[in-house]
Amino acid sequence: MTTPSTPPSPAPAAKSPFSDRRLRTELSIVGIVAVLLLVVFPLLNAWGVVSNFQLQLWGKYLSYALLAISVDLLWGYTGLLSLGQGLFFALGGYMHGMYLMRMIGELGQYKMPIPDFLVFLGWTELPSFWKPFDSFAFAMLMVLLVPGLLAYGFGYLAFRSRIKGVYFSILTQALTYAAMTLFFRNNLLMGGNNGFTDFKFVLGHSLVDPEQGPATMRGLFIATGITLLLVYGLCRWLSTTKFGLVQRAIRDGENRVLFSGYASAHFKLFIFVLSALIAGIGGALYTPQAGIINPEEMKPANSLEAVVWVAVGGRGTLLGPILGAVGVNWLKSWATRAYPDLWLIILGGLFILVVLFLPGGLVSLPKRLAALWRKLRGGDKTPDTAPSPAPSATKS
Amino acid sequence: MSFSRVLFAAALFVLLELSAFAAEPPRETIARAVLAPDTSTRRDLISSLAGKGDEDLAALLDAWRVAPLYVYESEITGRVAVQLVGPKDGNGAQDAIRVDDGSPLVDAAGTPLRLVDSTLASVRITTPLRAAIKSVLDLLDLNSPVASRRIDAIKTLGFSQDTEKEPLLRERLDTETDSKVRIALREAIALIHLASADKDTRLAALGELRELHTLSSYGLLESTFRDAQASGDTAIAEAARVAIRAVDSHRAKVDFLGTLFRGVSLGSILLVVALGLAITFGLMGVINMAHGEMIAVGAYTTYVVQNLFGAGLVIPFFGMNLGLPGMNLQGWGYQTYFIFALPVSFLAAAVVGIGLERSVIQFLYRRPLESLLATWGVSLVLQQIFRLMFGANNVQVSSPSYLSGNWTIDDVTLGWNRVFVIGFAILLVFGVWLVLTKTPLGLLIRAVMQNRRMAACMGVRTERVNMLTFGLGSGLAGLAGAFVSQINNVGPALGQSYIVDSFMVVVVGGVGNVLGTVISALGIGAIDNVFQQYLPAWVTEAGAIPWIGNFLQNLGQDSAVFGKILVLAGIILFLQWRPAGIFVTRSRNLEG
């Protein structure tokens with residue numbers, strides 16, 4: 001566990017953060033996919049080619065992609081495996097959910113001016129901390145502030161005492177677990193195990209109206225896509241800066257970074273908070289499209305699943321997590337219907353296979369296939385360019 | 001000379017006769033009461049039985065309270081009191097038992113008589129008789145050979161505050177040797193004195209109660225205090241207040257000890273569950289997210305063994321049905337299943353663990369975070385296999401009778417299963433310590449864990465040691481599973497409920513140290529229970545805090561959950577102070 005780690009294969013050579021050719025390829029792929037997703041897909045939906053269900057489903061996939069990027073930013077780029085990103089995702093979702101609950105108004109089951117579950121718990125007026133959530137702006141501020149502050153507080157304590165590696169993973173998981181047990185309680189006044197659901201309006205647009213609903217959903221879908229594109233751009237830009245370099249240096253040899261005079265804890269804290277914000281935004285976009293947010297989203301297993309997406313897609317890259325999140329969730333939607341009994345075995349097996357045999361994830365597949373192709377042709381003159389079998393950026 | 005001998009013999013005879021009369025068997029007294037002409041004679045006769053008699057008498061009196069006794073008259077036997085027992089036959093006749101000696105009633109030829117109740121004169125219980133019988137029965141238990149029954153009888157007498165019974169209790173106090181019964185006697189006497197009219201007696205009684213500080217006297221002390229205050233009797237009120245305070249402090253002590261005990265038992269559960277992880281994670285550095293599923297393997301194995309001892313089991317698996325015949329044992333034979341389940345669970349989980357190590361983990365020793373991910377995949381697969389084999393619902397695992405029941409020491413109640421888990425944890429820790437320090441395997445394990453390459457150079461087959469170590473850790477998880485099946489539901493998600501706790505215990509304890517695991521498990525268990533016990537009280541006070549007071553109070557109602565969250569927060573803060581856990585493995589290695 002103390003052996004020096006080999007540099008990850010998708011990561012570039014030391015001189016330039018990534019080669020221009022690769023960047024151009026990646027950017028053109030992103031451009032094409034963005035046009036397809038942001039323009040063509042909603043248009044197809046408007047023309048009735050793509051069902052509303054499919055649009056909603058893909059909207060959820062894209063929200064999950066944001067969660068996956070937040071995991072990758074920590075794990076792939078900084079070497080911090082957080083098993084608590086699902087918590088920040090859910091918190092963002094809950095904050096937006098509180099606004100959406102207020103927007104139901106008196107259209108709930110009980111026809112009361114406060115959310116149904118509060119009526120059920122015997123409340124007659126709104127608890128004070130619910131009141132500001134009538135404002136969309138305040139709710140959006142909380143979408144950023146609540147995950148951000150929690151990440152800041154936890155990260156400050158964790159990085160200050162130099163908790164890293166597996167310890168960091170386990171503590172983030174414990175944090176998620178604690179939050180989940182808390183949110184399951186009715187006394188928290190956050191909906192208990194049912195969470196928030198039955199949303200009716202967002203910013204005055206109906207979510208359920210047969211006329212207006214699909215258009216609102218298209219709007220949400222496009223908003224999610226644009227957010228994803230922006231986050232992708234931000235992370236892409238960040239990785240080219242000196243900050244990004246230090247970030248990767250922390251991943252590959254934190255002690256050397258420390259000895260070079262960098263306060264690695266500050267860098268890690270910044271990244272941790274940033275990724276919590278991204279996850280929170282993802283959650284906020286997820287809630288209206290999924291139509292529900294409940295403590296199930298905080299289950300430690302969900303955070304682990306987000307890590308699976310990244311691992312399957314390819315960590316240490318930015319396309320990988322997006323590909324993994326969309327791909328695995330698409331597979332999940334398909335397999336839970338086709339093979340409901342075997343779905344978990346498929347997911348678990350996929351995971352074991354990827355970790356054991358494809359450490360670079362799906363995005364490393366073309367490169368590996370090319371290497372294999374060269375090898376088969378016998379003219380293997382450049383063995384050094386073959387991907388290293390273990391892109392381990394981890395230390396224990 | 002001869003005269004004096006005759007006189008002596010006569011005196012002896014009279015004495016014997018008298019004592020015989022004095023020691024007249026209780027049954028004969030009852031027979032006389034039944035034959036007596038009126039109720040008041042009956043009552044006197046029955047009351048004279050106070051403090052005498054045995055189980056047999058109690059049964060007779062109990063029977064009399066339900067069904068009448070009868071008077072049978074015939075030439076041969078004269079008037080006899082009889083009890084009719086057994087089922088009625090076609091003529092309505094039942095077996096007749098003589099009340100005076102308990103033998104069957106016979107005719108001249110010696111054959112048992114069967115009598116019809118409607119042909120006999122019946123003697124029913126009347127209200128005064130009922131009262132007399134009740135007080136006799138109450139006192140009867142005073143002589144019971146079973147201490148707990150004596151205590152119950154004494155307490156009943158004490159709470160009735162019946163001054164007439166006081167001399168009897170005093171008499172009993174002189175001969176009683178059992179210390180618990182003596183305390184109950186003193187309490188009862190003091191409680192009776194509390195009802196007395198004499199002020200000094202009451203003061204003395206209050207002093208006695210303060211000294212005894214029994215929980216049961218609390219109610220009467222409180223009412224005495226209120227009455228005394230109402231009537232302005234300051235001396236009594238003060239004495240009662242002091243006595244109440246003594247009981248209160250005793251209660252606080254009992255609560256504290258109970259909390260401590262529950263904490264230690266919860267800690268033992270955590271310890272049992274985390275011990276396997278302390279080996280696979282602590283010693284080997286493998287993050288086995290499937291550890292919880294190893295526990296579930298143990299629990300399901302217990303379930304299978306239980307069914308092998310019982311009615312058998314059919315396990316569906318990928319379309320095949322695996323039928324296991326049962327031995328259909330009953331009673332104790334069935335209940336011993338748990339003893340057999342322990343080693344079988346260990347072996348089953350160890351085999352699964354070794355399989356896991358060979359197929360997945362051996363490739364990931366240098367990549368701990370990736371072993372975390374791969375083993376999580378394994379845990380998903382295993383969970384689904386459990387679901388396919390045993391169904392998505394919980395399965396029924398019965399508790400053997402020797403694991404239920406209580407044990408009370410000085411008002412602190414100790415549940416047998418909790419005592420058992422503590423003992424089990426001690427044995428397990430001792431066993432692990434023995435294996436690690438006193439066996440050749442333990443030596444190899446420690447050598448490989450300290451320096452894998454060096455050990456390999458010395459000719460240790462590190463691959464095999466890894467396999468066996470992982471098998472040992474998994475087997476311990478299986479043992480934990482067998483135990484957990486007794487206190488928790490056994491279902492496919494069983495492992496998930498333990499995984500976070502187990503990792504917490506090992507992280508706090510410090511990696512690579514079994515002693516640290518022990519301390520952290522017990523500490524976390526104890527703190528958790530302290531929160532559960534005292535949080536509601538603290539939170540009530542927190543209501544005074546502005547702004548968040550109400551919110552805290554609200555949460556405090558879920559003291560179990562809130563306490564758990566506080567424990568987790570405490571662990572994060574604790575790691576600020578000791579980032580590597582309680583015991584740090586020191587190393588010159590920078591990355592270590």
# chains A, B, ... in the order shown; residues from 1 in each chain; ligands from 1

call {"tool": "closest_atom_pairs", "arguments": {"of": "segment 19-129 of chain A", "to": "segment 287-295 of chain A", "cutoff": "12 Å", "atoms": "only C-alpha atoms", "output": "Markdown table"}}
result
| residue | atom | partner | partner_atom | distance |
| --- | --- | --- | --- | --- |
| A:Asn52 | CA | A:Gln289 | CA | 10.9 |
| A:Phe53 | CA | A:Gln289 | CA | 10.2 |
| A:Gln54 | CA | A:Gln289 | CA | 11.3 |
| A:Leu55 | CA | A:Gln289 | CA | 9.4 |
| A:Gln56 | CA | A:Gln289 | CA | 6.0 |
| A:Leu57 | CA | A:Ala290 | CA | 8.0 |
| A:Trp58 | CA | A:Gln289 | CA | 9.5 |
| A:Gly59 | CA | A:Gln289 | CA | 6.6 |
| A:Lys60 | CA | A:Gln289 | CA | 6.5 |
| A:Tyr61 | CA | A:Gln289 | CA | 10.2 |
| A:Leu62 | CA | A:Gln289 | CA | 10.6 |
| A:Ser63 | CA | A:Gln289 | CA | 9.1 |
| A:Tyr64 | CA | A:Thr287 | CA | 11.2 |
| A:Gly86 | CA | A:Pro295 | CA | 10.4 |
| A:Leu87 | CA | A:Pro295 | CA | 9.3 |
| A:Phe88 | CA | A:Pro295 | CA | 12.0 |
| A:Phe89 | CA | A:Thr287 | CA | 9.8 |
| A:Ala90 | CA | A:Ile293 | CA | 7.3 |
| A:Leu91 | CA | A:Ile293 | CA | 9.4 |
| A:Gly92 | CA | A:Thr287 | CA | 8.7 |
| A:Gly93 | CA | A:Thr287 | CA | 5.3 |
| A:Tyr94 | CA | A:Ile293 | CA | 6.5 |
| A:Met95 | CA | A:Thr287 | CA | 9.5 |
| A:His96 | CA | A:Thr287 | CA | 7.2 |
| A:Gly97 | CA | A:Thr287 | CA | 6.4 |
| A:Met98 | CA | A:Ile293 | CA | 9.9 |
| A:Tyr99 | CA | A:Pro288 | CA | 10.5 |
| A:Leu100 | CA | A:Pro288 | CA | 7.8 |
| A:Met101 | CA | A:Ile292 | CA | 10.4 |
| A:Met103 | CA | A:Pro288 | CA | 11.8 |

call {"tool": "residues_around", "arguments": {"residues": "Leu566 of chain B", "least_positions_apart": "5", "cutoff": "9 Å", "atoms": "only C-alpha atoms", "output": "ChimeraX atom specification"}}
result
/A:178 /B:528,531,561,571

call {"tool": "closest_residue", "arguments": {"among": "B:Ser404, B:Leu472, B:Thr175, B:Phe225", "to": "Val435 of chain B", "atoms": "only C-alpha atoms"}}
result
B:Leu472

call {"tool": "interface_residues", "arguments": {"of": "chain B", "to": "chain A", "cutoff": "7 Å", "atoms": "only C-alpha atoms", "output": "list in words"}}
result
Arg366, Arg367, Pro368, Leu369, Glu370, Ala374, Gly377, Val378, Leu380, Val381, Gln384, Val500, Phe503, Asn554, Leu555, Val561, Ile565, Gln576, Pro579, Glu591 and Gly592 of chain B

call {"tool": "write_last_selection", "arguments": {"atoms": "N, CA and C atoms", "output": "mmCIF file, in the first residue's frame"}}
result
data_model
loop_
_atom_site.group_PDB
_atom_site.id
_atom_site.type_symbol
_atom_site.label_atom_id
_atom_site.label_comp_id
_atom_site.auth_asym_id
_atom_site.auth_seq_id
_atom_site.Cartn_x
_atom_site.Cartn_y
_atom_site.Cartn_z
ATOM 1 N N ARG B 366 -2.887 -3.888 -3.496
ATOM 2 C CA ARG B 366 -2.188 -2.608 -3.512
ATOM 3 C C ARG B 366 -3.112 -1.454 -3.838
ATOM 4 N N ARG B 367 -4.374 -1.748 -4.031
ATOM 5 C CA ARG B 367 -5.306 -0.687 -4.414
ATOM 6 C C ARG B 367 -6.502 -0.695 -3.463
ATOM 7 N N PRO B 368 -6.309 -0.198 -2.248
ATOM 8 C CA PRO B 368 -7.372 -0.337 -1.236
ATOM 9 C C PRO B 368 -8.691 0.303 -1.653
ATOM 10 N N LEU B 369 -8.633 1.487 -2.290
ATOM 11 C CA LEU B 369 -9.896 2.123 -2.650
ATOM 12 C C LEU B 369 -10.632 1.309 -3.695
ATOM 13 N N GLU B 370 -9.860 0.649 -4.563
ATOM 14 C CA GLU B 370 -10.540 -0.158 -5.571
ATOM 15 C C GLU B 370 -11.056 -1.461 -5.002
ATOM 16 N N ALA B 374 -14.779 -2.936 -5.607
ATOM 17 C CA ALA B 374 -15.048 -4.292 -6.085
ATOM 18 C C ALA B 374 -15.834 -5.082 -5.053
ATOM 19 N N GLY B 377 -19.377 -4.301 -5.136
ATOM 20 C CA GLY B 377 -20.040 -5.073 -6.186
ATOM 21 C C GLY B 377 -20.368 -6.470 -5.690
ATOM 22 N N VAL B 378 -19.409 -7.083 -4.985
ATOM 23 C CA VAL B 378 -19.648 -8.425 -4.432
ATOM 24 C C VAL B 378 -20.825 -8.386 -3.471
ATOM 25 N N LEU B 380 -23.396 -6.447 -3.503
ATOM 26 C CA LEU B 380 -24.664 -6.388 -4.247
ATOM 27 C C LEU B 380 -25.051 -7.764 -4.764
ATOM 28 N N VAL B 381 -24.053 -8.450 -5.327
ATOM 29 C CA VAL B 381 -24.329 -9.775 -5.879
ATOM 30 C C VAL B 381 -24.811 -10.718 -4.775
ATOM 31 N N GLN B 384 -28.349 -10.095 -3.625
ATOM 32 C CA GLN B 384 -29.348 -10.591 -4.554
ATOM 33 C C GLN B 384 -29.442 -12.117 -4.480
ATOM 34 N N VAL B 500 -21.691 0.253 8.434
ATOM 35 C CA VAL B 500 -21.187 1.573 8.833
ATOM 36 C C VAL B 500 -20.654 1.520 10.261
ATOM 37 N N PHE B 503 -17.246 -0.290 10.504
ATOM 38 C CA PHE B 503 -16.110 0.502 10.048
ATOM 39 C C PHE B 503 -15.769 1.595 11.053
ATOM 40 N N ASN B 554 -37.798 18.929 19.746
ATOM 41 C CA ASN B 554 -38.518 18.095 18.810
ATOM 42 C C ASN B 554 -37.710 16.866 18.429
ATOM 43 N N LEU B 555 -36.431 17.115 18.111
ATOM 44 C CA LEU B 555 -35.554 16.025 17.711
ATOM 45 C C LEU B 555 -35.299 15.077 18.868
ATOM 46 N N VAL B 561 -32.206 7.884 17.603
ATOM 47 C CA VAL B 561 -31.611 8.340 16.343
ATOM 48 C C VAL B 561 -30.695 9.528 16.585
ATOM 49 N N ILE B 565 -26.615 10.003 15.911
ATOM 50 C CA ILE B 565 -26.005 11.068 15.129
ATOM 51 C C ILE B 565 -24.955 11.801 15.958
ATOM 52 N N GLN B 576 -10.264 14.282 15.003
ATOM 53 C CA GLN B 576 -9.483 15.521 14.968
ATOM 54 C C GLN B 576 -8.313 15.419 15.929
ATOM 55 N N PRO B 579 -6.130 11.339 14.762
ATOM 56 C CA PRO B 579 -6.543 10.997 13.395
ATOM 57 C C PRO B 579 -6.376 9.519 13.068
ATOM 58 N N GLU B 591 4.364 7.390 3.981
ATOM 59 C CA GLU B 591 2.997 7.205 3.509
ATOM 60 C C GLU B 591 2.188 6.328 4.453
ATOM 61 N N GLY B 592 2.892 5.727 5.437
ATOM 62 C CA GLY B 592 2.220 4.755 6.306
ATOM 63 C C GLY B 592 1.072 5.376 7.029
#

call {"tool": "atom_distance", "arguments": {"atom1": "atom CA of Asn328 of chain B", "atom2": "atom CA of Gly312 of chain B"}}
result
7.6 Å

call {"tool": "residues_around", "arguments": {"residues": "Gly105 of chain A", "least_positions_apart": "4", "cutoff": "9 Å", "atoms": "only C-alpha atoms", "output": "mmCIF file with C-alpha atoms, in the first residue's frame"}}
result
data_model
loop_
_atom_site.group_PDB
_atom_site.id
_atom_site.type_symbol
_atom_site.label_atom_id
_atom_site.label_comp_id
_atom_site.auth_asym_id
_atom_site.auth_seq_id
_atom_site.Cartn_x
_atom_site.Cartn_y
_atom_site.Cartn_z
ATOM 1 C CA MET A 101 -43.770 21.943 -1.653
ATOM 2 C CA LYS A 111 -56.537 21.521 0.996
ATOM 3 C CA MET A 112 -54.544 23.357 3.629
ATOM 4 C CA PRO A 113 -52.068 26.216 3.159
ATOM 5 C CA ILE A 114 -49.240 24.081 4.615
ATOM 6 C CA PRO A 115 -47.739 20.881 3.156
ATOM 7 C CA LYS A 200 -47.496 21.012 -8.935
#

call {"tool": "residues_around", "arguments": {"residues": "Gly244 of chain A", "least_positions_apart": "6", "cutoff": "10 Å", "atoms": "only C-alpha atoms", "output": "PyMOL selection string"}}
result
chain A and resi 17+77-78+235-238+250+267+271

call {"tool": "write_last_selection", "arguments": {"atoms": "C-alpha atoms", "output": "PDB file, in the first residue's frame"}}
result
ATOM      1  CA  PRO A  17      -1.979  18.977 -19.140  1.00  0.00           C
ATOM      2  CA  TYR A  77      -8.699  14.425 -10.027  1.00  0.00           C
ATOM      3  CA  THR A  78      -7.835  14.820  -6.351  1.00  0.00           C
ATOM      4  CA  CYS A 235     -14.021  21.658 -14.761  1.00  0.00           C
ATOM      5  CA  ARG A 236     -12.293  21.512 -18.137  1.00  0.00           C
ATOM      6  CA  TRP A 237     -10.990  25.028 -17.602  1.00  0.00           C
ATOM      7  CA  LEU A 238     -10.012  24.250 -14.004  1.00  0.00           C
ATOM      8  CA  ILE A 250      -2.123  16.020  -4.547  1.00  0.00           C
ATOM      9  CA  PHE A 267      -6.874  22.961  -2.116  1.00  0.00           C
ATOM     10  CA  ILE A 271     -12.459  21.084  -4.313  1.00  0.00           C
TER      11      ILE A 271
END
